[in-house]
Every structure is written in structure tokens, then in C-alpha cells.
>>> print(open('input.cif').read())   # mmCIF, C-alpha atoms
data_model
loop_
_atom_site.label_atom_id
_atom_site.label_comp_id
_atom_site.auth_asym_id
_atom_site.auth_seq_id
_atom_site.Cartn_x
_atom_site.Cartn_y
_atom_site.Cartn_z
CA MET B 1 0.00 0.00 0.00
CA ALA B 2 1.40 3.40 -1.03
CA LYS B 3 2.51 5.71 1.76
CA THR B 4 1.01 9.17 2.15
CA ILE B 5 3.23 12.28 2.09
CA PHE B 6 2.27 15.89 2.82
CA VAL B 7 4.37 18.57 1.08
CA VAL B 8 4.04 22.07 2.57
CA ASP B 9 5.60 25.01 0.70
CA ASP B 10 4.32 28.50 -0.21
CA ASN B 11 5.97 28.24 -3.66
CA ASP B 12 3.72 26.59 -6.28
CA THR B 13 6.68 25.69 -8.50
CA ASN B 14 8.35 23.80 -5.67
CA LEU B 15 5.13 21.95 -4.90
CA GLU B 16 4.72 20.87 -8.51
CA ARG B 17 8.34 19.77 -8.73
CA VAL B 18 8.12 17.62 -5.60
CA LYS B 19 4.84 16.11 -6.78
CA GLU B 20 6.42 15.16 -10.14
CA VAL B 21 9.31 13.45 -8.34
CA LEU B 22 7.22 11.51 -5.82
CA GLU B 23 3.93 10.84 -7.57
CA GLY B 24 3.60 7.27 -8.74
CA GLY B 25 5.31 5.84 -5.68
CA TYR B 26 3.36 7.73 -3.02
CA HIS B 27 0.06 9.45 -2.33
CA VAL B 28 1.22 13.09 -2.42
CA PHE B 29 -0.81 15.98 -1.00
CA THR B 30 0.55 19.49 -1.58
CA MET B 31 -0.48 22.55 0.39
CA PRO B 32 0.72 26.18 0.47
CA SER B 33 0.75 26.81 4.22
CA ALA B 34 0.98 25.26 7.67
CA ALA B 35 -2.63 26.28 8.31
CA LYS B 36 -3.76 24.14 5.35
CA MET B 37 -1.62 21.28 6.63
CA PHE B 38 -3.21 21.30 10.09
CA PHE B 39 -6.67 21.50 8.53
CA LEU B 40 -5.97 18.38 6.45
CA LEU B 41 -4.35 16.58 9.38
CA GLU B 42 -7.73 16.53 11.10
CA LYS B 43 -8.97 14.29 8.28
CA LEU B 44 -5.87 12.35 7.20
CA LYS B 45 -2.65 11.34 8.96
CA PRO B 46 0.35 11.08 6.58
CA ASP B 47 3.32 8.77 6.90
CA LEU B 48 5.74 11.67 6.38
CA ILE B 49 5.68 15.46 6.08
CA MET B 50 8.00 17.59 3.93
CA LEU B 51 7.99 21.09 5.33
CA ASP B 52 9.41 24.37 4.04
CA ILE B 53 10.95 26.68 6.65
CA GLU B 54 10.37 30.15 5.22
CA MET B 55 6.61 30.59 4.89
CA PRO B 56 4.31 33.52 5.70
CA ASP B 57 2.03 33.48 8.77
CA GLU B 58 3.66 30.40 10.33
CA ASP B 59 7.16 29.26 9.46
CA GLY B 60 8.35 25.65 9.40
CA PHE B 61 9.97 25.79 12.83
CA ASP B 62 6.75 26.95 14.51
CA ALA B 63 4.72 24.37 12.56
CA LEU B 64 7.09 21.62 13.73
CA LYS B 65 6.70 22.75 17.34
CA ARG B 66 2.93 22.43 16.99
CA LEU B 67 3.24 18.99 15.44
CA LYS B 68 5.47 17.71 18.23
CA ALA B 69 3.17 19.15 20.92
CA ASN B 70 0.21 17.17 19.59
CA GLU B 71 -0.13 13.54 20.73
CA SER B 72 -1.78 12.57 17.45
CA TYR B 73 0.93 14.05 15.19
CA LYS B 74 4.17 14.00 17.19
CA ASP B 75 5.36 10.68 15.74
CA ILE B 76 5.03 11.72 12.08
CA PRO B 77 8.57 12.08 10.64
CA VAL B 78 9.23 15.59 9.30
CA ILE B 79 11.84 16.47 6.68
CA PHE B 80 12.63 20.13 6.14
CA LEU B 81 12.69 21.08 2.44
CA THR B 82 14.44 24.43 2.43
CA GLY B 83 16.66 26.88 0.63
CA ARG B 84 18.60 27.42 3.87
CA SER B 85 21.95 25.69 4.20
CA ASP B 86 23.31 27.29 7.38
CA VAL B 87 24.35 25.18 10.36
CA THR B 88 22.21 27.17 12.81
CA SER B 89 18.98 26.30 11.00
CA GLU B 90 19.93 22.62 10.82
CA VAL B 91 20.80 22.46 14.51
CA LEU B 92 17.53 24.14 15.46
CA GLY B 93 15.54 21.88 13.16
CA PHE B 94 17.03 18.70 14.60
CA GLU B 95 16.55 19.99 18.15
CA LEU B 96 12.85 20.55 17.40
CA GLY B 97 12.50 16.99 16.09
CA ALA B 98 13.07 17.05 12.31
CA VAL B 99 14.52 13.81 10.95
CA ASP B 100 16.36 15.31 7.96
CA PHE B 101 17.04 18.35 5.74
CA ILE B 102 16.82 18.45 1.95
CA THR B 103 18.22 21.62 0.42
CA LYS B 104 16.57 23.36 -2.54
CA PRO B 105 17.23 23.08 -5.41
CA PHE B 106 17.12 19.35 -4.76
CA SER B 107 18.18 16.23 -6.62
CA SER B 108 15.28 13.91 -7.48
CA LEU B 109 17.36 10.86 -6.63
CA VAL B 110 18.49 12.29 -3.29
CA MET B 111 14.90 13.13 -2.33
CA GLN B 112 13.59 9.68 -3.27
CA ASN B 113 16.36 7.88 -1.39
CA ARG B 114 16.07 10.04 1.74
CA ILE B 115 12.29 9.57 1.90
CA LYS B 116 12.57 5.82 1.33
CA ALA B 117 15.15 5.53 4.10
CA HIS B 118 13.06 7.42 6.66
CA LEU B 119 9.85 5.57 5.82
CA ASN B 120 11.69 2.26 6.14
CA ILE B 121 13.12 3.31 9.51
CA ASP B 122 9.65 4.30 10.68
CA GLU B 123 8.31 0.90 9.59
CA LEU B 124 11.12 -0.93 11.38
CA ILE B 125 10.43 1.04 14.57
CA ARG B 126 6.75 0.15 14.39
CA GLU B 127 7.55 -3.53 13.88
CA ARG B 128 10.03 -3.52 16.76
CA THR B 129 7.50 -1.76 19.00
CA GLU B 130 4.90 -4.40 18.17
CA GLN B 131 7.38 -7.16 18.99
CA LEU B 132 8.24 -5.55 22.33
CA ASN B 133 4.54 -5.11 23.16
CA LYS B 134 3.93 -8.79 22.43
CA LEU B 135 6.84 -9.72 24.68
CA LYS B 136 5.58 -7.42 27.43
CA ASN B 137 2.05 -8.80 27.20
CA GLY B 138 3.44 -12.33 27.29
CA ILE B 139 5.34 -11.59 30.50
CA ILE B 140 2.24 -10.02 32.02
CA SER B 141 0.18 -13.08 31.11
CA VAL B 142 2.69 -15.34 32.85
CA LEU B 143 2.69 -13.15 35.97
CA ALA B 144 -1.10 -13.01 35.98
CA ASP B 145 -1.23 -16.80 35.66
CA VAL B 146 1.17 -17.13 38.60
CA VAL B 147 -1.07 -14.94 40.77
CA GLU B 148 -4.25 -16.78 39.79
CA SER B 149 -2.69 -20.24 40.14
CA ARG B 150 -1.77 -19.39 43.74
CA ASP B 151 -5.08 -17.69 44.55
CA THR B 152 -7.39 -20.52 43.48
CA THR B 153 -10.44 -18.80 44.93
CA THR B 154 -10.49 -15.98 42.36
CA GLY B 155 -10.71 -17.91 39.08
CA VAL B 156 -10.22 -15.66 36.06
CA HIS B 157 -10.52 -12.46 38.06
CA ILE B 158 -7.51 -10.73 36.49
CA GLU B 159 -8.65 -11.29 32.91
CA ASN B 160 -12.23 -10.32 33.76
CA THR B 161 -11.26 -7.04 35.40
CA ALA B 162 -9.04 -6.09 32.45
CA THR B 163 -12.01 -6.57 30.13
CA TYR B 164 -14.26 -4.53 32.42
CA ILE B 165 -11.63 -1.79 32.52
CA GLU B 166 -11.62 -1.67 28.72
CA ILE B 167 -15.42 -1.36 28.64
CA MET B 168 -15.41 1.43 31.23
CA LEU B 169 -12.60 3.46 29.64
CA LYS B 170 -14.25 3.45 26.23
CA GLU B 171 -17.65 4.35 27.66
CA MET B 172 -16.19 7.12 29.82
CA LEU B 173 -14.49 8.62 26.78
CA GLU B 174 -17.68 8.43 24.75
CA ARG B 175 -19.66 10.10 27.54
CA GLY B 176 -17.01 12.73 28.35
CA VAL B 177 -16.38 11.53 31.91
CA TYR B 178 -12.78 12.36 32.89
CA ALA B 179 -12.12 12.33 29.15
CA ASP B 180 -9.22 14.83 29.27
CA GLU B 181 -7.19 12.60 31.56
CA ILE B 182 -8.07 9.37 29.75
CA ASN B 183 -7.20 10.93 26.38
CA SER B 184 -3.68 11.54 27.70
CA TRP B 185 -3.24 7.79 28.23
CA SER B 186 -2.45 4.99 25.81
CA LEU B 187 -5.56 2.85 26.32
CA ASP B 188 -3.81 -0.37 25.32
CA THR B 189 -1.08 0.33 27.88
CA VAL B 190 -3.56 1.12 30.68
CA ILE B 191 -5.75 -1.91 29.97
CA SER B 192 -2.74 -4.21 29.88
CA SER B 193 -1.21 -2.74 33.04
CA SER B 194 -4.51 -3.17 34.93
CA ARG B 195 -3.82 -6.90 34.96
CA MET B 196 -1.02 -6.19 37.43
CA HIS B 197 -3.34 -4.79 40.10
CA ASP B 198 -3.15 -7.92 42.30
CA ILE B 199 0.51 -8.74 41.60
CA GLY B 200 1.31 -8.18 45.28
CA LYS B 201 -0.58 -11.35 46.17
CA ILE B 202 2.57 -13.21 45.14
CA ALA B 203 3.95 -12.17 48.54
CA ILE B 204 0.93 -13.49 50.49
CA SER B 205 0.90 -16.97 52.03
CA ASP B 206 -0.99 -19.70 50.12
CA THR B 207 -2.68 -20.65 53.40
CA ILE B 208 -4.34 -17.26 53.60
CA LEU B 209 -5.01 -16.87 49.87
CA ASN B 210 -6.76 -20.23 49.66
CA LYS B 211 -8.46 -20.35 53.04
CA PRO B 212 -11.92 -21.89 52.46
CA ASP B 213 -13.53 -19.80 55.20
CA LYS B 214 -13.88 -16.11 55.91
CA LEU B 215 -10.60 -14.48 56.95
CA SER B 216 -9.91 -13.41 60.53
CA THR B 217 -9.09 -9.78 61.24
CA ALA B 218 -5.38 -10.58 61.44
CA GLU B 219 -5.49 -12.55 58.20
CA PHE B 220 -7.35 -9.76 56.44
CA ASP B 221 -4.70 -7.29 57.63
CA LEU B 222 -2.09 -9.49 55.94
CA ILE B 223 -4.14 -9.66 52.73
CA LYS B 224 -4.31 -5.85 52.72
CA THR B 225 -0.52 -5.68 52.46
CA HIS B 226 -0.76 -6.96 48.86
CA CYS B 227 -1.23 -3.36 47.69
CA ASN B 228 2.12 -2.15 49.00
CA GLU B 229 3.75 -5.47 48.10
CA GLY B 230 2.53 -4.90 44.54
CA VAL B 231 4.14 -1.47 44.47
CA ALA B 232 7.45 -2.93 45.67
CA ILE B 233 7.38 -5.57 42.92
CA VAL B 234 6.50 -3.06 40.19
CA GLU B 235 9.16 -0.59 41.35
CA LYS B 236 11.78 -3.34 41.24
CA MET B 237 10.68 -4.21 37.70
CA SER B 238 10.89 -0.55 36.76
CA LYS B 239 14.47 -0.20 38.03
CA LEU B 240 15.57 -3.29 36.14
CA SER B 241 13.80 -2.53 32.85
CA GLY B 242 13.70 1.27 32.61
CA GLU B 243 10.08 0.91 31.41
CA GLU B 244 8.04 3.97 32.38
CA ASP B 245 4.49 4.37 31.09
CA PHE B 246 3.28 0.79 31.49
CA LEU B 247 4.79 0.26 34.94
CA GLN B 248 3.64 3.67 36.17
CA HIS B 249 0.06 2.68 35.45
CA ALA B 250 0.65 -0.79 36.94
CA ASN B 251 2.01 0.85 40.09
CA ILE B 252 -1.07 3.06 40.41
CA PHE B 253 -3.49 0.16 39.89
CA ALA B 254 -1.65 -1.95 42.47
CA VAL B 255 -1.59 0.67 45.22
CA SER B 256 -4.95 2.38 44.79
CA HIS B 257 -7.62 -0.17 43.81
CA HIS B 258 -8.77 -0.67 47.42
CA GLU B 259 -9.03 3.03 48.28
CA ARG B 260 -12.57 4.30 48.91
CA TRP B 261 -14.21 7.55 47.81
CA ASP B 262 -15.04 8.42 51.46
CA GLY B 263 -11.45 7.92 52.64
CA THR B 264 -11.97 4.68 54.59
CA GLY B 265 -10.09 2.41 52.18
CA TYR B 266 -6.55 1.10 52.26
CA PRO B 267 -3.55 1.28 52.20
CA SER B 268 -3.40 5.11 52.37
CA GLY B 269 -6.93 6.22 53.23
CA LEU B 270 -7.08 8.52 50.22
CA LYS B 271 -10.34 10.36 49.64
CA GLY B 272 -12.28 11.57 46.59
CA ASP B 273 -10.23 12.92 43.70
CA ASP B 274 -7.02 12.28 45.65
CA ILE B 275 -7.45 8.65 44.61
CA PRO B 276 -5.89 8.19 41.15
CA LEU B 277 -8.46 7.74 38.40
CA GLN B 278 -7.10 4.28 37.55
CA GLY B 279 -7.79 3.14 41.11
CA ARG B 280 -11.29 4.65 41.16
CA ILE B 281 -12.25 2.74 38.02
CA MET B 282 -10.63 -0.51 39.16
CA ALA B 283 -12.38 -0.27 42.54
CA ILE B 284 -15.75 -0.67 40.83
CA VAL B 285 -14.88 -3.47 38.41
CA ASP B 286 -12.88 -5.31 41.10
CA VAL B 287 -15.86 -5.36 43.47
CA TYR B 288 -18.30 -6.24 40.68
CA ASP B 289 -16.25 -9.29 39.69
CA ALA B 290 -15.90 -10.38 43.33
CA LEU B 291 -19.66 -10.09 43.85
CA VAL B 292 -20.70 -12.15 40.82
CA SER B 293 -18.01 -14.80 41.41
CA ARG B 294 -18.34 -17.87 43.60
CA ARG B 295 -16.13 -17.99 46.67
CA PRO B 296 -15.69 -20.82 49.21
CA TYR B 297 -17.40 -18.61 51.79
CA LYS B 298 -20.24 -17.25 49.60
CA ASP B 299 -22.46 -17.99 46.64
CA PRO B 300 -22.27 -15.60 43.66
CA PHE B 301 -24.59 -12.62 43.60
CA THR B 302 -26.79 -12.17 40.57
CA HIS B 303 -25.71 -9.51 38.10
CA GLU B 304 -28.73 -7.41 39.07
CA ASP B 305 -27.94 -7.56 42.80
CA ALA B 306 -24.27 -6.75 42.19
CA VAL B 307 -25.26 -3.71 40.15
CA LYS B 308 -27.60 -2.52 42.93
CA ILE B 309 -24.86 -2.88 45.55
CA ILE B 310 -22.42 -0.80 43.48
CA ILE B 311 -24.99 1.90 42.71
CA LEU B 312 -25.89 2.19 46.41
CA ALA B 313 -22.18 2.64 47.23
CA ALA B 314 -21.81 5.70 44.96
CA GLY B 315 -20.41 8.58 46.99
CA THR B 316 -19.19 6.34 49.81
CA GLN B 317 -17.10 3.51 48.37
CA PHE B 318 -17.05 4.63 44.73
CA ASP B 319 -16.70 7.78 42.62
CA PRO B 320 -20.31 8.77 41.77
CA LYS B 321 -19.42 9.94 38.25
CA ILE B 322 -17.89 6.58 37.37
CA VAL B 323 -20.77 4.71 38.99
CA ALA B 324 -23.15 6.71 36.77
CA VAL B 325 -21.29 5.39 33.70
CA PHE B 326 -21.34 1.84 35.12
CA GLU B 327 -25.08 2.16 35.67
CA GLN B 328 -25.55 2.89 31.97
CA VAL B 329 -23.30 0.14 30.59
CA HIS B 330 -23.35 -2.71 33.12
CA GLU B 331 -25.23 -4.98 30.72
CA LYS B 332 -21.99 -5.28 28.72
CA PHE B 333 -20.36 -6.89 31.76
CA LYS B 334 -22.64 -9.92 31.52
CA ASP B 335 -20.95 -11.18 28.35
CA VAL B 336 -17.60 -11.32 30.14
CA TRP B 337 -18.43 -13.75 32.94
CA LYS B 338 -21.32 -15.76 31.47
#
>>> encode(input="input.cif", output="C-alpha cells")
Amino acid sequence: MAKTIFVVDDNDTNLERVKEVLEGGYHVFTMPSAAKMFFLLEKLKPDLIMLDIEMPDEDGFDALKRLKANESYKDIPVIFLTGRSDVTSEVLGFELGAVDFITKPFSSLVMQNRIKAHLNIDELIRERTEQLNKLKNGIISVLADVVESRDTTTGVHIENTATYIEIMLKEMLERGVYADEINSWSLDTVISSSRMHDIGKIAISDTILNKPDKLSTAEFDLIKTHCNEGVAIVEKMSKLSGEEDFLQHANIFAVSHHERWDGTGYPSGLKGDDIPLQGRIMAIVDVYDALVSRRPYKDPFTHEDAVKIIILAAGTQFDPKIVAVFEQVHEKFKDVWK
């Protein structure tokens, strides 16, 4: 499939020349200004942008700054196509995030080879990222399996809650509930990291995890330590791997999913909006899955009764805004555990 290239230059002759050189191998869109480029970007994301520096209204440097400040556009490789050949401009361009400079007047062969090289690099980076994500997800699956194989009372709790998290995040975005914060996340990363929320149970005794009766107060106090144990495990992983985004979310899920909206939860007794959003969402789906699941000490609640319990806990145990979303979409949860 042909790649898409935007060419931005206020000189019509330059635009025509570039189009002649690239057309046939690529989908080429020419535009006379940065304003036109940003207008088209709302409808179509290119694989590469060729950008002139000296343009009226908004020059190439300012346009590049805007591109790099936007989550949707920052990864698009940008090549400056310019009549400038001074070192200062090149240094500034590279500092702002340009991947290359092509000086006008340009050689057709040089342009074609430079573009091909950068598009190939971009493709290799994407492939490598996909491979690393598969590896990361594989490791998470193994860790989740270890937790669930030790805690035989919880069944497929980890996989269920990850699916519920995905449902809630998408519905919250659609309904504009905490949408600004969620939009700043990579949803795939957050959903995947949510599966680490009970990782601290690895440090809890099998005797307690698999006790067939209700826990004593002392035993429950030990179970509660799984939140801070989870943080310790995730932080150790972070130091060893250098991974940031994924493990940051995993850390937050681990430490905050048992906090309560009214401040009576654990381990920190956080209240209201002081509880991270990840923890406030997980608190609801975690409890829902526990309610509808069979435990040695209780029969499963019906879906309808579980929903009623969660709705009644809005404003005390749970964030009322998130409960309101759950109330609208809970029917989708049935397909997960049936």
C-alpha cells in the first residue's frame, strides 16, 4: 500500500516539482501553508511530512513545534525542504524533532532515497515496537497466571477485570467523563497494566489466599498488604527494565484499587479525587467481579444484585461519576463472565 506524504511550501513551483518526483510511488498531497496542513491533518494522517521553513504566517519551525506538541501528530517524521543551508537552521531543526534536511534546489534521486530511508526506519520502529509489546504482554500473562494459580479462589478475576476496565474506559471517553485525563493515556497500555493490580498477592501466604472460610481480622490485615507489596514488585521491575508508562500505570493500579471515595479504604486512606483515576475505576470493576463470582465462603450474587450494591455505594465507596457510567453500561459486563 502506497505511503502518504504531505508537502508544505508557499511556492507553487516547488510543490509541482516535488509532486512530479514523488507521484507514482506515493500518495502526495501538496499545500501552500501550515494552516492548510493542520486542517488536512484533522482528516488524514500522513506517513511523512516535507515542510518548508520560510513561509508567511507560520514558518516551518513553529509548525514543527505544533506537530510535536500534539499527541496525534508527534510521531510523524518531518523532513525540512528548504533553501537554507546554514548550520544554525539545521541544529535548530534537529533539536525541534526534524529527521532530515533536503536543500533546494534538490536532486530527485536524493529526495527519493532520503524519503525511502526514513519511511523504512519508521516501519522498522513500528515492527520492533509491536514485537516488544507482544513480549511485554506475554510476561504479564505469565505473571497473571502465577497470581491466579496461587489464589485458586479468584478464578479468572484478572482477565475479567481487564475486560471490564476496557469497557469502562471506552464508555467514559464516549460520555465525556474524565475524558481529558483518559485521552492523555495509551488505552492499550492502561488496559494491559490493569492486569497487574493484584501482583502483590505473590507475597501473600498460600494458606491465607486459599483459606476456604472467611478471613480473621489478622489474616485480612495481611491480605491488605498486597497493595504495597505490589508497588514494591512493580518498582523493582521498573528499576531493572527502565520501562516507564506501562509500569507507572501498573504501580497506580496496584496501590490504589482498594481506596474508597469516602477515605476509609486502604492502604493510604485517600479520599475523593485524591485517589488516582485508575484506582477509582478498578475499585468498581474489582468489586463487581468479586460479587458475581463464587467464593468458598459465599455464593455468587446475581448480576442485578451486584449492580444494585455498586450503585448504592456511589459517593461512599465509589466515585459517583464513574458509577453513573457503570449504571448505563453494566449490561456489557454480563458477556464477560457468562
>>> residues_around(input="input.cif", residues="Tyr178 of chain B", least_positions_apart="2", cutoff="12 Å", atoms="all atoms listed in the file", output="NGL selection string")
:B and (168-176 or 180-185 or 273 or 276-278 or 280-281 or 319 or 321-322 or 325)
>>> resolve_selection(input="input.cif", expression="the PyMOL selection byres ((chain B and resi 224) around 10)", output="JSON, numbers by chain")
{"B": [200, 201, 204, 218, 219, 220, 221, 222, 223, 225, 226, 227, 228, 229, 258, 266, 267]}
>>> closest_residue(input="input.cif", among="B:Phe318, B:Asp100, B:Ala162, B:Arg195", to="Thr264 of chain B", atoms="all atoms listed in the file")
B:Phe318
>>> atom_distance(input="input.cif", atom1="atom CA of Phe106 of chain B", atom2="atom CA of Leu67 of chain B")
24.5 Å
>>> resolve_selection(input="input.cif", expression="the PyMOL selection byres ((chain B and resi 290) around 10)", output="count of residues only")
16
>>> resolve_selection(input="input.cif", expression="the PyMOL selection byres ((chain B and resi 52) around 10)", output="list in words")
Val7, Val8, Asp9, Asp10, Asn11, Asn14, Pro32, Ser33, Ala34, Ile49, Met50, Leu51, Ile53, Glu54, Met55, Asp59, Gly60, Phe61, Ala63, Ile79, Phe80, Leu81, Thr82, Gly83, Arg84, Phe101, Ile102, Thr103 and Lys104 of chain B
>>> closest_residue(input="input.cif", among="B:Ile311, B:Leu270, B:Met111, B:Met37", to="Glu327 of chain B", atoms="all atoms listed in the file")
B:Ile311
>>> atom_distance(input="input.cif", atom1="atom CA of Glu159 of chain B", atom2="atom CA of Asp198 of chain B")
11.4 Å
>>> atom_distance(input="input.cif", atom1="atom CA of Val323 of chain B", atom2="atom CA of Ile310 of chain B")
7.3 Å
>>> residues_around(input="input.cif", residues="Glu95 of chain B", least_positions_apart="3", cutoff="12 Å", atoms="all atoms listed in the file", output="list in words")
Phe61, Leu64, Lys65, Lys68, Thr88, Ser89, Glu90, Val91, Leu92, Ala98, Val99 and Asp100 of chain B
>>> write_last_selection(input="input.cif", atoms="C-alpha atoms", output="PDB file, keeping the file's coordinate frame")
ATOM      1  CA  PHE B  61       9.970  25.790  12.830  1.00  0.00           C
ATOM      2  CA  LEU B  64       7.090  21.620  13.730  1.00  0.00           C
ATOM      3  CA  LYS B  65       6.700  22.750  17.340  1.00  0.00           C
ATOM      4  CA  LYS B  68       5.470  17.710  18.230  1.00  0.00           C
ATOM      5  CA  THR B  88      22.210  27.170  12.810  1.00  0.00           C
ATOM      6  CA  SER B  89      18.980  26.300  11.000  1.00  0.00           C
ATOM      7  CA  GLU B  90      19.930  22.620  10.820  1.00  0.00           C
ATOM      8  CA  VAL B  91      20.800  22.460  14.510  1.00  0.00           C
ATOM      9  CA  LEU B  92      17.530  24.140  15.460  1.00  0.00           C
ATOM     10  CA  ALA B  98      13.070  17.050  12.310  1.00  0.00           C
ATOM     11  CA  VAL B  99      14.520  13.810  10.950  1.00  0.00           C
ATOM     12  CA  ASP B 100      16.360  15.310   7.960  1.00  0.00           C
TER      13      ASP B 100
END
>>> closest_residue(input="input.cif", among="B:Met237, B:Leu15, B:Ile5, B:Ile167", to="His27 of chain B", atoms="all atoms listed in the file")
B:Ile5
>>> closest_residue(input="input.cif", among="B:Val87, B:Ala254, B:Ile115, B:Met31", to="Leu48 of chain B", atoms="only C-alpha atoms")
B:Ile115
>>> axis_aligned_box(input="input.cif", around="segment 195-205 of chain B", padding_each_side="4 Å", output="JSON")
{"center_x": 0.1, "center_y": -10.9, "center_z": 43.5, "size_x": 15.8, "size_y": 20.2, "size_z": 25.1}
